[in-house]
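Participant: My questions all concern the structure below.
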Amino acid sequence: METIVWVVHVVVAVVLIGLVLIQHGKGADMGAAFGTGSAGSLFGSSGSANFLSRSTAVAATLFFITSLSLTYIYSHQEQQQGVMDKVNSAAVVSPEVAPAVNPTDASKSKEIPE
């Protein structure tokens, strides 16, 4: 389940980035005079803004849903052990793996004069 949510999250993020980059800014009307007016013929004369803004809203909603889903999944997982916890638990379970000398006994701090 976690892998599916991750894949959807990454795909939606890429789609959202693409949709934001495709959209025209407020000053983009001047660009239509220089040959960038082809989007009007593809989506209709005023349909491109509505189509792109609605698609961006849907992609943003899906991105937030997958973000919240991943947060929920990771917050409800069982506690994971760190590297040192695994080493300490392995020494307790199998004493032959544990070091023969206690590191605190082998220190030379007792030899330092006070």
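Residue numbers start at 1 in each chain; chains themselves are named A, B, ... in the order of the structure tokens; ligands are numbered from 1 in the order shown.
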What's the 12 Å shell around stretch 6-11 of chain A, counting only C-alpha atoms, without same-chain residues fewer than 5 positions away, as a count of residues only?

Facilitator: 19

Participant: If I take atom CA of A:Glu78 and atom CA of A:Glu2, how far is one from the other in Å, to one decimal?

Facilitator: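 Answer for the atom CA of A:Glu78 to atom CA of A:Glu2 separation: 14.2 Å.
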